[in-house]
Amino acid sequence: MITTNDKQFNMFPSHVGLRKYILYYNIVFPENDTFMAQYTLMPNACGTLTLAFDGTAVIAELWGASLTPVLLGMEPNSYHVLLLIQLSPYGLYQITRQSQAEFADKRLSLADIDYELFYSLHQAFVMSKTATDLANVCEEVLYRRMEKHVISDALLLASTVISDSHGQVQVKEVARQSGYSERQLNRLFLAQIGMNIKDFARLTRFNYVLKHIQTSPCFFAALSQQAGYFDQAHFDKDFKAISGVSPQAYLKTMSDFYYDGTEIYDTISSKGD
């Protein structure tokens, strides 16, 4: 097992063939003060697979798609090694083939949900000697889960329409473009992502705001207009309803913990150029 590493945070992109389902791998070697008491995961409609070594045992969990903030605080500081496999909104369904409505907003034992996957990832975790080894072996394990495509084409199209519009699209327009009724789409989104289509669009817009609040922290009025809100008051109200804090409070106390993951691919692209 990995016990020491030169870098505290190790980010690895997924293979291009898996990128639709797996966003990135994050392998962290926490110290006592790495994560602060206010460390909070903001809702992003994505599932996560986590494995952590606390000095005695490996703890493996499945985190369903989040609709509400999750306060982790200093919990990660107690782990020697922490692996986070960040999935796309429908990545967890592709991997488990199980209804995501049962997993949403929950932290569950991976062994209880999918023992075969637990065993394979557990072996990868305890046998790998370096962070790179661990990411590569996990990739091999998960690649075998992708041989059969199980995500609905209608859901893929609908989620793409929502993502491309940054959540600023009417559900009826998504239904029109997908050729499915709103009721049919809601059933697909609940089963394969873990929330209805309206909530997915709302969180897509919220995460668009989070990403841009990092680069333009003072221009809330302009950002609210850019994100399609009626006015800044509506923007502030919706932001607080989802995150639990105002945009100003988020920027002051929580924005340091934001990580989008796309910078990995931006770096790869720039190197390719």
# chains A, B, ... in the order shown; residues from 1 in each chain; ligands from 1
$ closest_atom_pairs --of "range 38-100 of chain A" --to "range 127-143 of chain A" --cutoff "12 Å" --atoms "only C-alpha atoms" --output "tab-separated table"
residue	atom	partner	partner_atom	distance
A:Leu49	CA	A:Cys138	CA	10.8
A:Thr50	CA	A:Cys138	CA	11.5
A:Leu51	CA	A:Cys138	CA	11.1
A:Val81	CA	A:Ala131	CA	9.8
A:Leu82	CA	A:Ala131	CA	10.4
A:Leu83	CA	A:Leu134	CA	8.8
A:Leu84	CA	A:Ala135	CA	10.0
A:Ile85	CA	A:Cys138	CA	8.9
A:Gln86	CA	A:Ala135	CA	12.0
A:Leu87	CA	A:Leu142	CA	11.1
A:Gly91	CA	A:Leu142	CA	10.4
A:Leu92	CA	A:Leu142	CA	10.7
A:Gln94	CA	A:Leu142	CA	10.0
A:Ile95	CA	A:Leu142	CA	7.4
A:Thr96	CA	A:Leu142	CA	10.4
$ write_last_selection --atoms "N, CA and C atoms" --output "mmCIF file, in the first residue's frame"
data_model
loop_
_atom_site.group_PDB
_atom_site.id
_atom_site.type_symbol
_atom_site.label_atom_id
_atom_site.label_comp_id
_atom_site.auth_asym_id
_atom_site.auth_seq_id
_atom_site.Cartn_x
_atom_site.Cartn_y
_atom_site.Cartn_z
ATOM 1 N N LEU A 49 -16.910 7.345 -5.846
ATOM 2 C CA LEU A 49 -16.428 6.149 -5.157
ATOM 3 C C LEU A 49 -15.231 6.571 -4.326
ATOM 4 N N THR A 50 -15.211 6.201 -3.047
ATOM 5 C CA THR A 50 -14.117 6.610 -2.169
ATOM 6 C C THR A 50 -13.525 5.401 -1.455
ATOM 7 N N LEU A 51 -12.200 5.401 -1.332
ATOM 8 C CA LEU A 51 -11.500 4.416 -0.518
ATOM 9 C C LEU A 51 -10.504 5.172 0.347
ATOM 10 N N VAL A 81 -4.312 7.777 3.542
ATOM 11 C CA VAL A 81 -4.450 7.879 2.088
ATOM 12 C C VAL A 81 -5.933 7.937 1.768
ATOM 13 N N LEU A 82 -6.309 8.785 0.820
ATOM 14 C CA LEU A 82 -7.706 8.924 0.421
ATOM 15 C C LEU A 82 -7.786 8.932 -1.095
ATOM 16 N N LEU A 83 -8.577 8.015 -1.634
ATOM 17 C CA LEU A 83 -8.816 7.943 -3.080
ATOM 18 C C LEU A 83 -10.245 8.366 -3.368
ATOM 19 N N LEU A 84 -10.401 9.360 -4.239
ATOM 20 C CA LEU A 84 -11.721 9.805 -4.684
ATOM 21 C C LEU A 84 -11.828 9.580 -6.180
ATOM 22 N N ILE A 85 -12.780 8.770 -6.590
ATOM 23 C CA ILE A 85 -13.044 8.552 -8.007
ATOM 24 C C ILE A 85 -14.297 9.356 -8.335
ATOM 25 N N GLN A 86 -14.081 10.506 -8.965
ATOM 26 C CA GLN A 86 -15.198 11.421 -9.252
ATOM 27 C C GLN A 86 -15.860 11.019 -10.560
ATOM 28 N N LEU A 87 -17.143 10.755 -10.492
ATOM 29 C CA LEU A 87 -17.892 10.257 -11.642
ATOM 30 C C LEU A 87 -18.737 11.356 -12.275
ATOM 31 N N GLY A 91 -22.381 8.303 -14.345
ATOM 32 C CA GLY A 91 -21.305 7.322 -14.248
ATOM 33 C C GLY A 91 -21.587 6.219 -13.257
ATOM 34 N N LEU A 92 -22.226 6.558 -12.138
ATOM 35 C CA LEU A 92 -22.489 5.558 -11.112
ATOM 36 C C LEU A 92 -23.505 4.524 -11.595
ATOM 37 N N GLN A 94 -23.869 3.614 -14.771
ATOM 38 C CA GLN A 94 -23.140 2.794 -15.732
ATOM 39 C C GLN A 94 -22.303 1.723 -15.025
ATOM 40 N N ILE A 95 -21.750 2.073 -13.874
ATOM 41 C CA ILE A 95 -20.889 1.150 -13.142
ATOM 42 C C ILE A 95 -21.696 0.122 -12.352
ATOM 43 N N THR A 96 -22.763 0.567 -11.670
ATOM 44 C CA THR A 96 -23.498 -0.334 -10.774
ATOM 45 C C THR A 96 -24.734 -0.963 -11.397
#
$ closest_atom_pairs --of "range 6-103 of chain A" --to "range 199-210 of chain A" --cutoff "9 Å" --atoms "only C-alpha atoms" --output "tab-separated table"
residue	atom	partner	partner_atom	distance
A:Met42	CA	A:Asn207	CA	8.6
A:Pro43	CA	A:Leu203	CA	7.1
A:Asn44	CA	A:Leu203	CA	6.0
A:Ala45	CA	A:Phe200	CA	6.6
A:Leu67	CA	A:Leu203	CA	7.7
$ closest_residue --among "A:His149, A:Ile2, A:Ile59, A:Pro30" --to "His122 in chain A" --atoms "only C-alpha atoms"
A:Ile59
$ residues_around --residues "Gln225 in chain A" --least-positions-apart "3" --cutoff "12 Å" --atoms "only C-alpha atoms" --output "count of residues only"
16
$ select_by_dssp --residues "range 35-169 of chain A" --states "strand (DSSP E)" --output "ChimeraX atom specification"
/A:40-41,48-53,58-63,70-71,81-87,107-109
$ atom_distance --atom1 "CA of Thr34 in chain A" --atom2 "CA of Pro76 in chain A"
8.2 Å
$ closest_residue --among "A:Asn32, A:Asn77, A:Thr215, A:Ser120" --to "Ala60 in chain A" --atoms "only C-alpha atoms"
A:Ser120
$ atom_distance --atom1 "CA of Glu147 in chain A" --atom2 "CA of Tyr90 in chain A"
15.4 Å
$ closest_residue --among "A:Lys198, A:Met74, A:Leu110, A:Tyr25" --to "Tyr39 in chain A" --atoms "only C-alpha atoms"
A:Met74
$ closest_residue --among "A:Arg97, A:Asp33, A:Val16, A:Val70" --to "Lys148 in chain A" --atoms "only C-alpha atoms"
A:Arg97
$ select_by_dssp --residues "range 49-223 of chain A" --states "helix (DSSP H, G or I)" --output "PyMOL selection string"
chain A and resi 75-78+91-96+100-102+110-113+115-127+131-146+153-164+171-178+182-192+197-215+220-223
$ residues_around --residues "Gly55 in chain A" --least-positions-apart "3" --cutoff "10 Å" --atoms "only C-alpha atoms" --output "list in words"
Thr3, Ala52, Val58, Ser78, Tyr79, His80 and Val81 of chain A
$ write_last_selection --atoms "C-alpha atoms" --output "PDB file, in the first residue's frame"
ATOM      1  CA  THR A   3       2.189   5.172   2.627  1.00  0.00           C
ATOM      2  CA  ALA A  52      -9.581   5.539   2.547  1.00  0.00           C
ATOM      3  CA  VAL A  58      -9.590   0.370   4.268  1.00  0.00           C
ATOM      4  CA  SER A  78      -7.827  11.249   9.895  1.00  0.00           C
ATOM      5  CA  TYR A  79      -6.926   9.206   6.806  1.00  0.00           C
ATOM      6  CA  HIS A  80      -3.409   8.263   5.731  1.00  0.00           C
ATOM      7  CA  VAL A  81      -4.450   7.879   2.088  1.00  0.00           C
TER       8      VAL A  81
END
$ residues_around --residues "Gln192 in chain A" --least-positions-apart "4" --cutoff "12 Å" --atoms "only C-alpha atoms" --output "VMD selection string"
chain A and resid 45 to 47 64 to 65 88 to 104 150 to 156 159 185 to 188 196 to 197 200
$ write_last_selection --atoms "N, CA and C atoms" --output "mmCIF file, in the first residue's frame"
data_model
loop_
_atom_site.group_PDB
_atom_site.id
_atom_site.type_symbol
_atom_site.label_atom_id
_atom_site.label_comp_id
_atom_site.auth_asym_id
_atom_site.auth_seq_id
_atom_site.Cartn_x
_atom_site.Cartn_y
_atom_site.Cartn_z
ATOM 1 N N ALA A 45 -24.695 16.797 -8.461
ATOM 2 C CA ALA A 45 -25.416 15.772 -9.220
ATOM 3 C C ALA A 45 -24.536 14.598 -9.634
ATOM 4 N N CYS A 46 -23.324 14.519 -9.074
ATOM 5 C CA CYS A 46 -22.396 13.448 -9.452
ATOM 6 C C CYS A 46 -22.191 12.472 -8.300
ATOM 7 N N GLY A 47 -21.995 11.210 -8.634
ATOM 8 C CA GLY A 47 -21.650 10.202 -7.649
ATOM 9 C C GLY A 47 -20.141 10.111 -7.488
ATOM 10 N N GLY A 64 -23.761 8.662 -3.314
ATOM 11 C CA GLY A 64 -24.720 8.930 -4.369
ATOM 12 C C GLY A 64 -24.681 10.382 -4.808
ATOM 13 N N ALA A 65 -25.374 10.673 -5.888
ATOM 14 C CA ALA A 65 -25.434 12.050 -6.399
ATOM 15 C C ALA A 65 -25.922 12.984 -5.300
ATOM 16 N N SER A 88 -19.151 11.115 -13.498
ATOM 17 C CA SER A 88 -20.095 12.013 -14.156
ATOM 18 C C SER A 88 -21.476 11.760 -13.557
ATOM 19 N N PRO A 89 -22.472 12.588 -13.866
ATOM 20 C CA PRO A 89 -23.792 12.390 -13.273
ATOM 21 C C PRO A 89 -24.383 10.997 -13.494
ATOM 22 N N TYR A 90 -24.094 10.378 -14.641
ATOM 23 C CA TYR A 90 -24.647 9.041 -14.893
ATOM 24 C C TYR A 90 -23.581 7.951 -14.819
ATOM 25 N N GLY A 91 -22.381 8.303 -14.345
ATOM 26 C CA GLY A 91 -21.305 7.322 -14.248
ATOM 27 C C GLY A 91 -21.587 6.219 -13.257
ATOM 28 N N LEU A 92 -22.226 6.558 -12.138
ATOM 29 C CA LEU A 92 -22.489 5.558 -11.112
ATOM 30 C C LEU A 92 -23.505 4.524 -11.595
ATOM 31 N N TYR A 93 -24.464 4.952 -12.391
ATOM 32 C CA TYR A 93 -25.428 3.990 -12.949
ATOM 33 C C TYR A 93 -24.743 3.063 -13.946
ATOM 34 N N GLN A 94 -23.869 3.614 -14.771
ATOM 35 C CA GLN A 94 -23.140 2.794 -15.732
ATOM 36 C C GLN A 94 -22.303 1.723 -15.025
ATOM 37 N N ILE A 95 -21.750 2.073 -13.874
ATOM 38 C CA ILE A 95 -20.889 1.150 -13.142
ATOM 39 C C ILE A 95 -21.696 0.122 -12.352
ATOM 40 N N THR A 96 -22.763 0.567 -11.670
ATOM 41 C CA THR A 96 -23.498 -0.334 -10.774
ATOM 42 C C THR A 96 -24.734 -0.963 -11.397
ATOM 43 N N ARG A 97 -25.287 -0.301 -12.426
ATOM 44 C CA ARG A 97 -26.539 -0.770 -13.045
ATOM 45 C C ARG A 97 -27.699 -0.782 -12.067
ATOM 46 N N GLN A 98 -27.621 -0.009 -11.002
ATOM 47 C CA GLN A 98 -28.666 0.017 -9.990
ATOM 48 C C GLN A 98 -29.322 1.399 -9.948
ATOM 49 N N SER A 99 -30.596 1.431 -9.538
ATOM 50 C CA SER A 99 -31.340 2.692 -9.505
ATOM 51 C C SER A 99 -30.649 3.705 -8.606
ATOM 52 N N GLN A 100 -30.381 4.871 -9.154
ATOM 53 C CA GLN A 100 -29.680 5.908 -8.411
ATOM 54 C C GLN A 100 -30.593 6.658 -7.441
ATOM 55 N N ALA A 101 -31.901 6.487 -7.590
ATOM 56 C CA ALA A 101 -32.827 7.123 -6.654
ATOM 57 C C ALA A 101 -32.593 6.608 -5.238
ATOM 58 N N GLU A 102 -32.093 5.372 -5.116
ATOM 59 C CA GLU A 102 -31.828 4.776 -3.808
ATOM 60 C C GLU A 102 -30.536 5.296 -3.193
ATOM 61 N N PHE A 103 -29.663 5.883 -4.010
ATOM 62 C CA PHE A 103 -28.342 6.299 -3.541
ATOM 63 C C PHE A 103 -28.218 7.801 -3.289
ATOM 64 N N ALA A 104 -29.101 8.591 -3.869
ATOM 65 C CA ALA A 104 -28.956 10.054 -3.838
ATOM 66 C C ALA A 104 -28.821 10.584 -2.415
ATOM 67 N N VAL A 150 -25.095 1.058 -20.899
ATOM 68 C CA VAL A 150 -26.433 0.892 -20.320
ATOM 69 C C VAL A 150 -27.175 2.211 -20.141
ATOM 70 N N ILE A 151 -26.511 3.323 -20.361
ATOM 71 C CA ILE A 151 -27.165 4.625 -20.199
ATOM 72 C C ILE A 151 -28.122 4.870 -21.357
ATOM 73 N N SER A 152 -29.301 5.356 -21.047
ATOM 74 C CA SER A 152 -30.287 5.657 -22.075
ATOM 75 C C SER A 152 -29.773 6.752 -23.012
ATOM 76 N N ASP A 153 -29.949 6.538 -24.315
ATOM 77 C CA ASP A 153 -29.544 7.551 -25.287
ATOM 78 C C ASP A 153 -30.343 8.840 -25.094
ATOM 79 N N ALA A 154 -31.606 8.692 -24.694
ATOM 80 C CA ALA A 154 -32.437 9.870 -24.459
ATOM 81 C C ALA A 154 -31.901 10.680 -23.279
ATOM 82 N N LEU A 155 -31.443 9.990 -22.236
ATOM 83 C CA LEU A 155 -30.880 10.693 -21.095
ATOM 84 C C LEU A 155 -29.569 11.375 -21.476
ATOM 85 N N LEU A 156 -28.744 10.707 -22.262
ATOM 86 C CA LEU A 156 -27.494 11.313 -22.714
ATOM 87 C C LEU A 156 -27.768 12.598 -23.490
ATOM 88 N N SER A 159 -29.247 15.326 -21.026
ATOM 89 C CA SER A 159 -28.243 15.886 -20.119
ATOM 90 C C SER A 159 -27.254 16.764 -20.876
ATOM 91 N N LEU A 185 -38.746 11.430 -19.163
ATOM 92 C CA LEU A 185 -37.411 11.927 -18.826
ATOM 93 C C LEU A 185 -37.185 11.923 -17.322
ATOM 94 N N ASN A 186 -38.206 12.306 -16.566
ATOM 95 C CA ASN A 186 -38.056 12.298 -15.107
ATOM 96 C C ASN A 186 -37.779 10.900 -14.590
ATOM 97 N N ARG A 187 -38.445 9.900 -15.157
ATOM 98 C CA ARG A 187 -38.189 8.516 -14.742
ATOM 99 C C ARG A 187 -36.749 8.116 -15.048
ATOM 100 N N LEU A 188 -36.262 8.497 -16.235
ATOM 101 C CA LEU A 188 -34.882 8.172 -16.613
ATOM 102 C C LEU A 188 -33.884 8.878 -15.699
ATOM 103 N N ASN A 196 -34.762 14.360 -10.364
ATOM 104 C CA ASN A 196 -35.576 14.667 -11.535
ATOM 105 C C ASN A 196 -34.845 15.662 -12.438
ATOM 106 N N ILE A 197 -35.371 15.854 -13.611
ATOM 107 C CA ILE A 197 -34.683 16.663 -14.614
ATOM 108 C C ILE A 197 -34.608 18.133 -14.196
ATOM 109 N N PHE A 200 -31.780 18.501 -11.782
ATOM 110 C CA PHE A 200 -30.507 18.366 -12.494
ATOM 111 C C PHE A 200 -30.146 19.673 -13.195
#
$ residues_around --residues "range 8-15 of chain A" --least-positions-apart "4" --cutoff "7 Å" --atoms "only C-alpha atoms" --output "list in words"
Arg19, Ile22, Leu23, Tyr24, Tyr25, Asn26, Ile27, Val28, Phe29, Pro30, Ala135 and Ile264 of chain A
$ atom_distance --atom1 "CA of Asp54 in chain A" --atom2 "CA of Glu116 in chain A"
22.2 Å
